[in-house]
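Everything below belongs to structure-v3.txt, which stores compact mmCIF, C-alpha atoms.
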```txt
# COMPACT_ATOMS: atom_id res chain seq x y z
CA MET A 1 336.27 -20.17 125.14
CA CYS A 2 336.90 -17.30 122.79
CA ALA A 3 335.25 -13.94 123.11
CA THR A 4 331.90 -13.60 121.38
CA ARG A 5 333.35 -11.50 118.56
CA ASP A 6 335.78 -14.33 117.78
CA ARG A 7 333.11 -17.00 117.62
CA HIS A 8 332.91 -19.28 114.61
CA PRO A 9 330.13 -18.30 112.16
CA THR A 10 328.15 -21.45 113.03
CA PHE A 11 327.73 -20.15 116.57
CA LYS A 12 325.34 -17.40 115.49
CA ALA A 13 323.88 -19.09 112.40
CA SER A 14 320.45 -20.66 112.59
CA PHE A 15 320.02 -24.35 111.97
CA ALA A 16 318.14 -23.53 108.76
CA GLU A 17 321.06 -21.43 107.50
CA ARG A 18 323.53 -24.15 108.41
CA ALA A 19 321.40 -26.74 106.63
CA ASN A 20 321.81 -24.79 103.40
CA ASP A 21 325.59 -25.01 103.74
CA ALA A 22 325.79 -28.61 104.96
CA SER A 23 327.50 -30.94 102.50
CA HIS A 24 326.70 -34.14 104.38
CA PRO A 25 323.17 -35.28 103.38
CA LEU A 26 322.34 -36.60 106.84
CA ALA A 27 323.62 -33.44 108.55
CA ASN A 28 321.49 -31.38 106.18
CA TYR A 29 318.45 -33.50 107.04
CA LEU A 30 319.07 -33.34 110.79
CA LEU A 31 319.47 -29.55 110.84
CA ARG A 32 316.23 -29.11 108.88
CA LEU A 33 314.48 -31.56 111.20
CA MET A 34 315.66 -29.58 114.23
CA GLU A 35 314.28 -26.37 112.75
CA LEU A 36 310.98 -28.05 111.87
CA LYS A 37 310.42 -29.65 115.29
CA LYS A 38 311.97 -26.76 117.24
CA SER A 39 314.00 -29.33 119.09
CA ASN A 40 317.69 -29.92 119.71
CA LEU A 41 317.15 -32.76 122.17
CA CYS A 42 318.59 -36.27 122.02
CA LEU A 43 317.24 -38.90 124.39
CA SER A 44 319.81 -41.36 125.72
CA ALA A 45 317.52 -44.38 126.00
CA ASP A 46 319.65 -46.42 128.42
CA VAL A 47 317.03 -49.00 129.30
CA THR A 48 317.44 -52.74 129.61
CA THR A 49 314.46 -54.28 127.81
CA ALA A 50 313.19 -54.03 124.25
CA ARG A 51 309.69 -53.25 125.50
CA GLU A 52 310.95 -50.25 127.49
CA LEU A 53 312.99 -49.01 124.55
CA LEU A 54 310.14 -49.14 122.06
CA THR A 55 307.69 -47.60 124.53
CA LEU A 56 310.08 -44.71 125.23
CA ALA A 57 310.71 -44.13 121.55
CA ASP A 58 306.99 -43.93 120.88
CA ARG A 59 306.10 -41.69 123.82
CA ILE A 60 309.07 -39.31 123.75
CA GLY A 61 309.64 -39.38 119.99
CA PRO A 62 307.60 -36.20 119.41
CA SER A 63 310.02 -34.17 121.58
CA ILE A 64 313.36 -35.39 120.20
CA VAL A 65 315.39 -35.30 117.00
CA VAL A 66 317.81 -38.10 117.92
CA LEU A 67 317.33 -41.33 119.88
CA LYS A 68 320.60 -42.69 121.30
CA THR A 69 320.68 -46.43 121.87
CA HIS A 70 322.93 -49.07 123.38
CA TYR A 71 321.57 -52.21 121.77
CA ASP A 72 323.88 -54.45 123.81
CA LEU A 73 322.17 -53.26 127.02
CA VAL A 74 318.79 -54.46 125.84
CA ALA A 75 317.48 -57.84 126.93
CA GLY A 76 315.07 -59.27 124.40
CA TRP A 77 316.49 -57.39 121.43
CA ASP A 78 314.96 -59.07 118.40
CA TYR A 79 317.49 -59.37 115.58
CA HIS A 80 314.98 -60.32 112.89
CA PRO A 81 315.57 -57.96 109.93
CA GLN A 82 311.88 -57.62 109.09
CA THR A 83 310.07 -57.66 112.42
CA GLY A 84 312.87 -57.11 114.92
CA THR A 85 313.69 -54.30 117.32
CA GLY A 86 315.77 -52.34 114.80
CA ALA A 87 312.97 -52.41 112.22
CA LYS A 88 310.41 -51.31 114.82
CA LEU A 89 312.64 -48.44 115.91
CA GLY A 90 312.92 -47.43 112.26
CA ALA A 91 309.14 -47.29 111.92
CA LEU A 92 308.85 -45.15 115.06
CA ALA A 93 311.63 -42.86 113.81
CA ARG A 94 309.71 -42.22 110.59
CA LYS A 95 306.46 -41.72 112.48
CA HIS A 96 307.79 -39.18 114.99
CA GLY A 97 310.67 -37.62 113.06
CA PHE A 98 313.96 -38.57 114.71
CA LEU A 99 317.24 -40.26 113.80
CA ILE A 100 318.66 -43.34 115.52
CA PHE A 101 322.16 -43.02 116.98
CA GLU A 102 323.74 -46.28 118.16
CA ASP A 103 326.35 -45.29 120.75
CA ARG A 104 328.69 -48.14 119.82
CA LYS A 105 331.96 -46.21 120.28
CA PHE A 106 333.86 -48.36 117.79
CA GLY A 107 337.46 -48.63 118.90
CA ASP A 108 339.41 -51.38 117.16
CA ILE A 109 341.46 -52.06 114.04
CA GLY A 110 339.86 -51.26 110.71
CA SER A 111 338.79 -54.74 109.62
CA THR A 112 337.20 -55.42 113.00
CA VAL A 113 335.16 -52.23 113.16
CA GLN A 114 333.89 -52.85 109.64
CA LEU A 115 332.53 -56.23 110.69
CA GLN A 116 331.10 -54.84 113.93
CA TYR A 117 329.29 -52.20 111.89
CA THR A 118 327.92 -54.25 109.01
CA ALA A 119 327.80 -57.88 110.14
CA GLY A 120 326.99 -59.99 113.18
CA THR A 121 323.59 -60.48 114.71
CA ALA A 122 322.75 -56.78 115.07
CA ARG A 123 323.81 -55.45 111.63
CA ILE A 124 323.94 -51.96 113.11
CA ILE A 125 324.28 -50.22 109.76
CA ASP A 126 320.85 -51.46 108.67
CA TRP A 127 318.89 -49.56 111.34
CA ALA A 128 321.16 -46.89 112.89
CA HIS A 129 321.46 -43.64 110.95
CA ILE A 130 324.41 -42.52 113.09
CA VAL A 131 327.21 -44.29 114.96
CA ASN A 132 330.30 -43.03 116.74
CA VAL A 133 333.97 -43.95 117.01
CA ASN A 134 336.62 -43.72 119.69
CA MET A 135 339.72 -42.32 118.01
CA VAL A 136 342.24 -44.19 120.14
CA PRO A 137 343.03 -46.64 117.29
CA GLY A 138 343.74 -43.67 115.01
CA LYS A 139 342.28 -42.32 111.78
CA ALA A 140 342.30 -45.75 110.15
CA ALA A 141 339.15 -46.68 112.09
CA VAL A 142 337.32 -43.69 110.60
CA THR A 143 338.49 -44.59 107.11
CA ALA A 144 337.43 -48.21 107.56
CA LEU A 145 333.95 -47.27 108.75
CA GLN A 146 333.55 -44.84 105.85
CA GLN A 147 334.51 -47.56 103.36
CA ALA A 148 332.05 -50.00 104.93
CA ALA A 149 329.26 -47.44 104.78
CA ALA A 150 330.04 -46.64 101.14
CA ARG A 151 329.88 -50.33 100.16
CA TRP A 152 326.59 -50.73 102.02
CA ARG A 153 325.21 -47.57 100.43
CA SER A 154 326.06 -48.82 96.93
CA ARG A 155 323.96 -51.93 97.46
CA VAL A 156 321.20 -50.90 99.82
CA ASN A 157 318.94 -49.25 97.27
CA TYR A 158 318.66 -52.52 95.41
CA GLU A 159 316.56 -55.38 96.65
CA VAL A 160 316.31 -58.97 95.50
CA ARG A 161 313.01 -59.72 93.82
CA THR A 162 312.09 -63.40 93.95
CA SER A 163 309.35 -64.84 91.79
CA VAL A 164 308.11 -68.40 92.01
CA SER A 165 305.92 -69.98 89.34
CA VAL A 166 304.30 -73.39 89.62
CA GLY A 167 302.39 -75.06 86.82
CA THR A 168 301.89 -78.04 84.58
CA PRO A 169 303.99 -77.90 81.39
CA VAL A 170 302.07 -77.29 78.18
CA SER A 171 301.88 -80.03 75.54
CA ASP A 172 304.27 -78.22 73.20
CA SER A 173 307.04 -78.96 75.66
CA PHE A 174 306.88 -82.71 74.93
CA ASP A 175 307.27 -84.97 71.93
CA GLU A 176 304.69 -87.39 70.73
CA ASN A 177 305.93 -90.05 73.17
CA GLY A 178 305.49 -87.77 76.19
CA GLU A 179 309.18 -87.06 76.53
CA GLU A 180 310.30 -83.54 77.42
CA VAL A 181 311.94 -81.85 74.45
CA ASP A 182 315.43 -80.54 75.13
CA GLU A 183 316.59 -77.93 72.65
CA GLN A 184 320.17 -79.07 73.12
CA SER A 185 319.26 -82.66 72.17
CA THR A 186 319.44 -81.74 68.47
CA LEU A 187 323.07 -80.82 68.73
CA ALA A 188 325.71 -83.24 67.54
CA PRO A 189 326.91 -85.50 70.35
CA THR A 190 330.31 -84.78 71.79
CA ALA A 191 332.97 -87.28 72.52
CA ALA A 192 332.19 -87.17 76.20
CA SER A 193 328.44 -87.61 75.77
CA LYS A 194 328.64 -91.35 75.34
CA ASP A 195 330.06 -91.67 78.85
CA LEU A 196 327.24 -89.73 80.52
CA PRO A 197 324.76 -91.70 82.66
CA PRO A 198 321.29 -92.18 81.19
CA PRO A 199 318.73 -89.46 81.94
CA SER A 200 316.15 -89.93 84.67
CA SER A 201 313.50 -90.73 82.03
CA TYR A 202 315.59 -93.53 80.52
CA ARG A 203 313.49 -96.63 80.00
CA GLY A 204 315.35 -99.57 81.27
CA GLU A 205 314.30 -103.12 80.80
CA HIS A 206 312.46 -103.12 84.12
CA ASN A 207 310.10 -100.17 83.65
CA ASN A 208 307.45 -102.38 82.08
CA GLY A 209 306.82 -99.91 79.28
CA ARG A 210 305.19 -97.35 81.54
CA LYS A 211 305.70 -93.69 80.74
CA GLY A 212 306.83 -91.18 83.33
CA SER A 213 304.59 -88.21 83.87
CA ILE A 214 305.40 -84.66 84.99
CA VAL A 215 302.85 -83.24 87.38
CA SER A 216 304.27 -79.71 87.64
CA ILE A 217 307.37 -77.58 87.30
CA THR A 218 308.48 -74.97 89.85
CA THR A 219 310.54 -72.06 88.52
CA LEU A 220 312.48 -69.79 90.89
CA THR A 221 313.72 -66.48 89.50
CA GLN A 222 315.72 -63.83 91.36
CA SER A 223 316.78 -60.39 90.15
CA PHE A 224 318.09 -57.13 91.61
CA GLU A 225 315.76 -54.17 91.20
CA PRO A 226 316.22 -50.55 92.31
CA VAL A 227 314.33 -49.24 95.32
CA ASP A 228 313.61 -45.52 95.24
CA SER A 229 312.54 -44.99 98.84
CA PRO A 230 315.07 -45.01 101.70
CA ARG A 231 312.53 -46.98 103.68
CA PHE A 232 313.86 -50.50 103.97
CA SER A 233 311.99 -53.15 102.06
CA ASN A 234 312.48 -55.46 105.01
CA SER A 235 310.99 -53.09 107.57
CA ILE A 236 307.82 -53.90 109.41
CA ALA A 237 304.46 -53.14 107.87
CA GLU A 238 302.94 -51.79 111.10
CA GLY A 239 303.23 -48.00 111.11
CA ASP A 240 305.34 -48.09 107.95
CA GLU A 241 302.94 -45.81 106.13
CA LEU A 242 303.36 -43.08 108.77
CA VAL A 243 305.98 -40.45 107.97
CA TYR A 244 306.50 -37.29 110.01
CA ALA A 245 304.76 -34.36 108.33
CA GLY A 246 306.74 -31.53 106.82
CA ILE A 247 309.92 -33.38 105.84
CA GLU A 248 310.90 -36.27 103.63
CA GLU A 249 312.30 -39.56 104.89
CA PRO A 250 315.98 -39.57 105.95
CA PRO A 251 318.53 -40.08 103.17
CA TRP A 252 320.31 -43.36 102.59
CA GLU A 253 323.68 -41.99 103.70
CA ARG A 254 325.03 -42.96 107.11
CA GLY A 255 326.82 -40.56 109.46
CA LEU A 256 329.65 -40.79 111.97
CA LEU A 257 330.29 -38.84 115.15
CA ILE A 258 333.79 -38.80 116.58
CA LEU A 259 334.07 -39.05 120.36
CA ALA A 260 336.25 -36.00 120.93
CA GLN A 261 335.49 -35.02 124.54
CA MET A 262 333.72 -36.62 127.48
CA SER A 263 331.78 -35.33 130.46
CA SER A 264 333.19 -37.85 132.93
CA GLU A 265 335.62 -36.67 135.56
CA GLY A 266 339.27 -37.62 135.04
CA ASN A 267 338.92 -38.82 131.43
CA PHE A 268 342.09 -39.06 129.34
CA MET A 269 340.90 -37.13 126.30
CA THR A 270 343.59 -34.48 126.12
CA LYS A 271 343.66 -31.39 123.92
CA GLU A 272 346.00 -33.23 121.57
CA TYR A 273 343.53 -36.09 121.28
CA THR A 274 340.65 -33.70 120.60
CA GLN A 275 342.64 -31.90 117.91
CA ALA A 276 343.42 -35.22 116.24
CA CYS A 277 339.67 -35.91 116.19
CA VAL A 278 339.00 -32.60 114.47
CA GLU A 279 341.68 -33.31 111.86
CA ALA A 280 340.20 -36.73 111.16
CA ALA A 281 336.76 -35.20 110.74
CA ARG A 282 338.05 -32.67 108.22
CA GLU A 283 339.65 -35.45 106.21
CA HIS A 284 336.39 -37.44 106.10
CA LYS A 285 333.73 -34.75 105.63
CA ASP A 286 331.64 -37.00 103.39
CA PHE A 287 331.06 -39.33 106.33
CA VAL A 288 331.76 -37.48 109.58
CA MET A 289 328.80 -35.33 110.66
CA GLY A 290 330.35 -33.98 113.82
CA PHE A 291 331.40 -34.80 117.35
CA VAL A 292 330.33 -35.98 120.74
CA SER A 293 331.96 -33.16 122.67
CA GLN A 294 331.50 -30.61 125.43
CA GLU A 295 331.56 -27.62 123.11
CA THR A 296 331.55 -26.67 119.46
CA LEU A 297 334.79 -27.69 117.77
CA ASN A 298 334.31 -25.64 114.61
CA SER A 299 337.28 -23.34 114.23
CA GLU A 300 338.30 -23.16 110.58
CA PRO A 301 336.09 -21.19 108.17
CA THR A 302 334.99 -24.34 106.32
CA ASP A 303 334.07 -26.30 109.46
CA ALA A 304 330.36 -27.12 109.64
CA PHE A 305 330.24 -29.96 112.14
CA ILE A 306 327.38 -30.71 114.52
CA SER A 307 328.26 -31.08 118.20
CA MET A 308 326.23 -33.27 120.55
CA THR A 309 326.85 -32.99 124.28
CA PRO A 310 326.05 -35.54 127.00
CA GLY A 311 326.01 -34.81 130.72
CA CYS A 312 323.23 -32.27 130.47
CA GLN A 313 320.73 -31.90 133.29
CA LEU A 314 318.27 -29.41 134.71
CA PRO A 315 317.70 -28.68 138.39
CA PRO A 316 314.26 -29.66 139.71
CA GLU A 317 311.50 -27.52 138.28
CA GLY A 318 311.19 -24.28 140.26
CA ASP A 319 314.88 -24.16 141.22
CA GLU A 320 317.30 -21.69 139.69
CA GLU A 321 318.02 -22.87 136.15
CA ASP A 322 321.76 -22.32 136.36
CA GLY A 323 322.16 -23.59 139.88
CA VAL A 324 324.76 -26.15 140.87
CA ILE A 325 323.97 -29.70 139.78
CA VAL A 326 325.62 -32.50 141.70
CA GLY A 327 327.22 -35.34 139.75
CA ASP A 328 326.08 -38.94 139.98
CA GLY A 329 328.91 -40.15 142.25
CA LEU A 330 330.26 -42.29 139.42
CA GLY A 331 332.31 -39.62 137.67
CA GLN A 332 329.58 -38.00 135.60
CA GLN A 333 329.54 -34.21 135.66
CA TYR A 334 326.50 -32.22 134.62
CA ASN A 335 325.88 -28.92 132.87
CA THR A 336 322.63 -27.10 132.11
CA PRO A 337 321.26 -26.55 128.59
CA SER A 338 321.90 -22.82 128.82
CA LYS A 339 325.60 -23.44 129.40
CA VAL A 340 326.00 -26.33 126.93
CA VAL A 341 324.12 -24.63 124.08
CA GLY A 342 324.21 -20.93 124.89
CA ILE A 343 327.80 -20.58 126.11
CA ASN A 344 329.73 -23.60 124.84
CA GLY A 345 328.05 -23.53 121.45
CA SER A 346 326.96 -27.16 121.28
CA ASP A 347 324.00 -27.93 119.02
CA ILE A 348 322.24 -30.92 120.59
CA ILE A 349 321.96 -31.88 124.24
CA ILE A 350 321.99 -35.56 125.15
CA VAL A 351 319.84 -36.34 128.18
CA GLY A 352 319.31 -39.72 129.80
CA ARG A 353 318.52 -40.13 133.48
CA GLY A 354 317.24 -36.57 133.79
CA ILE A 355 314.29 -37.68 131.68
CA LEU A 356 314.13 -41.41 132.36
CA LYS A 357 313.93 -41.05 136.14
CA ALA A 358 311.34 -38.29 136.13
CA ALA A 359 307.82 -38.93 137.41
CA SER A 360 306.57 -38.16 133.90
CA PRO A 361 309.30 -38.73 131.30
CA GLN A 362 307.12 -37.23 128.56
CA ASP A 363 306.60 -33.98 130.44
CA GLU A 364 310.24 -33.81 131.45
CA ALA A 365 311.35 -34.37 127.87
CA GLU A 366 309.25 -31.39 126.84
CA ARG A 367 310.82 -29.30 129.63
CA TYR A 368 314.30 -30.16 128.37
CA ARG A 369 313.30 -29.51 124.76
CA LYS A 370 311.96 -26.05 125.59
CA LYS A 371 315.00 -25.09 127.70
CA ALA A 372 317.50 -26.26 125.07
CA TRP A 373 315.61 -24.54 122.26
CA LYS A 374 315.40 -21.32 124.26
CA ALA A 375 319.18 -21.46 124.82
CA TYR A 376 319.68 -21.90 121.06
CA LEU A 377 317.41 -18.98 120.19
CA ASN A 378 319.21 -16.76 122.71
CA ARG A 379 322.53 -17.82 121.20
CA ILE A 380 321.59 -16.75 117.68
CA GLY A 381 319.88 -13.59 118.86
CA GLN A 382 316.27 -14.67 118.29
CA HIS A 383 314.85 -14.22 121.73
CA PRO A 384 311.74 -16.35 122.35
```

So, in terms of structure tokens, how does the structure I just supplied come out?
Amino acid sequence: MCATRDRHPTFKASFAERANDASHPLANYLLRLMELKKSNLCLSADVTTARELLTLADRIGPSIVVLKTHYDLVAGWDYHPQTGTGAKLGALARKHGFLIFEDRKFGDIGSTVQLQYTAGTARIIDWAHIVNVNMVPGKAAVTALQQAAARWRSRVNYEVRTSVSVGTPVSDSFDENGEEVDEQSTLAPTAASKDLPPPSSYRGEHNNGRKGSIVSITTLTQSFEPVDSPRFSNSIAEGDELVYAGIEEPPWERGLLILAQMSSEGNFMTKEYTQACVEAAREHKDFVMGFVSQETLNSEPTDAFISMTPGCQLPPEGDEEDGVIVGDGLGQQYNTPSKVVGINGSDIIIVGRGILKAASPQDEAERYRKKAWKAYLNRIGQHP
């Protein structure tokens, strides 16, 4: 890392100051949310049932600003657009004030990632504010995801209004013989009209002179109408009226994180790969919010990206905060919040098992929130 005097301006800037300069609407919202909640904690909710996921989101939501999901891990995920798991997570996100980050790590050709993002059973784009991409396929995957999000954004604030009317036709609609009047029947017959089959009310020789009667007519009308609120019209009613105090609902825009660095031992993300990620982000600033990385990757004066860092863990309470933390034996390497945020300049810590496996996940989430926020305050020179 560079010396402190050579740090990028975002290293010392507060989240509120950075929000004022953020061009991405979702990045602006997230930075303001972090300042409001005094939290830079993301929970990695790697659980295997929908019940566990929703319970965690509700209980730990007050401590976090981002909830990271892996929907394909979850047994019992309900794909219903109105009452399903995604809609319920959306209601909890509004209630507690956090964004949903689906850790999909898209990594395929452009047309495939677009379909994975916007189609299929999950329709990730409908409920996840943020997704991420593995840059191995190249910049085309980022471009494709941005195009898909733009198309979705252009349509999502319109909803289809359907009206159904059922009733008995008034007498003015019929002639004196009880036949329905067709305005087009007064037009001169065309050459082809003589070949048309008789209408359903045609009186053949076997109808015994009885008149047909119309009991009712059903009219179905559909139209597109604008929706002003970013709250989905197909979201669940339960809890929908609850919105976290002090901030508006998240904007419609979707955001992308580029997977630029990993915390696992022996990964193949070289410096050249990471630099290519940064270049792709700069070329897609309207869509790319930042990175999943081990440090801040802002280096040019105009860079204003958010960095989120996994592999963050605290020693047991009472132990030295910056003591050695052993990995998980499966390649994961851990760092403390003070190093990730205070030294490496990352903005948000991503914590999973450190919270999930605690005796009290709620209390442990608060411990992580306080430690990460303290590291941030120390970094910008506002000592708690």

Selected residue, from A:Cys312, A:Ala149, A:Leu43, A:Ala304, that lies nearest to Glu17 (chain A) when counting all atoms listed in the file: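 Closest to Glu17 (chain A), using all atoms listed in the file: A:Ala304.
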
Leu115 (chain A) surroundings by only C-alpha atoms, 12 Å radius, close-in-sequence under 3 positions cut, as a PyMOL selection string: chain A and resi 106+108-112+118-125+141+144-145+147-149+152

Let me see the file: selected residues, C-alpha atoms, as a compact mmCIF listing (two decimals), in the coordinates of the input.
```
# COMPACT_ATOMS: atom_id res chain seq x y z
CA PHE A 106 333.86 -48.36 117.79
CA ASP A 108 339.41 -51.38 117.16
CA ILE A 109 341.46 -52.06 114.04
CA GLY A 110 339.86 -51.26 110.71
CA SER A 111 338.79 -54.74 109.62
CA THR A 112 337.20 -55.42 113.00
CA THR A 118 327.92 -54.25 109.01
CA ALA A 119 327.80 -57.88 110.14
CA GLY A 120 326.99 -59.99 113.18
CA THR A 121 323.59 -60.48 114.71
CA ALA A 122 322.75 -56.78 115.07
CA ARG A 123 323.81 -55.45 111.63
CA ILE A 124 323.94 -51.96 113.11
CA ILE A 125 324.28 -50.22 109.76
CA ALA A 141 339.15 -46.68 112.09
CA ALA A 144 337.43 -48.21 107.56
CA LEU A 145 333.95 -47.27 108.75
CA GLN A 147 334.51 -47.56 103.36
CA ALA A 148 332.05 -50.00 104.93
CA ALA A 149 329.26 -47.44 104.78
CA TRP A 152 326.59 -50.73 102.02
```

Two-atom distance - CA of Asp286 (chain A), CA of Leu33 (chain A) (Å):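 Taking CA of Asp286 (chain A) as the start and CA of Leu33 (chain A) as the end point, the length is 19.6 Å.
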
Within 12 Å of Arg282 (chain A) using all atoms listed in the file, minus same-chain residues under 5 positions, as a list in words: Lys139, Val142, Thr143, Ile258, Gln275, Ala276, Cys277, Phe287, Val288, Met289, Gly290, Phe291, Leu297, Asn298, Ser299, Glu300, Pro301, Thr302, Asp303, Ala304 and Phe305 of chain A

Among the residues A:Tyr334, A:Lys95, A:Leu31, A:Leu259, the one that comes closest to Ala19 (chain A) [using all atoms listed in the file]: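 Closest candidate: A:Leu31.
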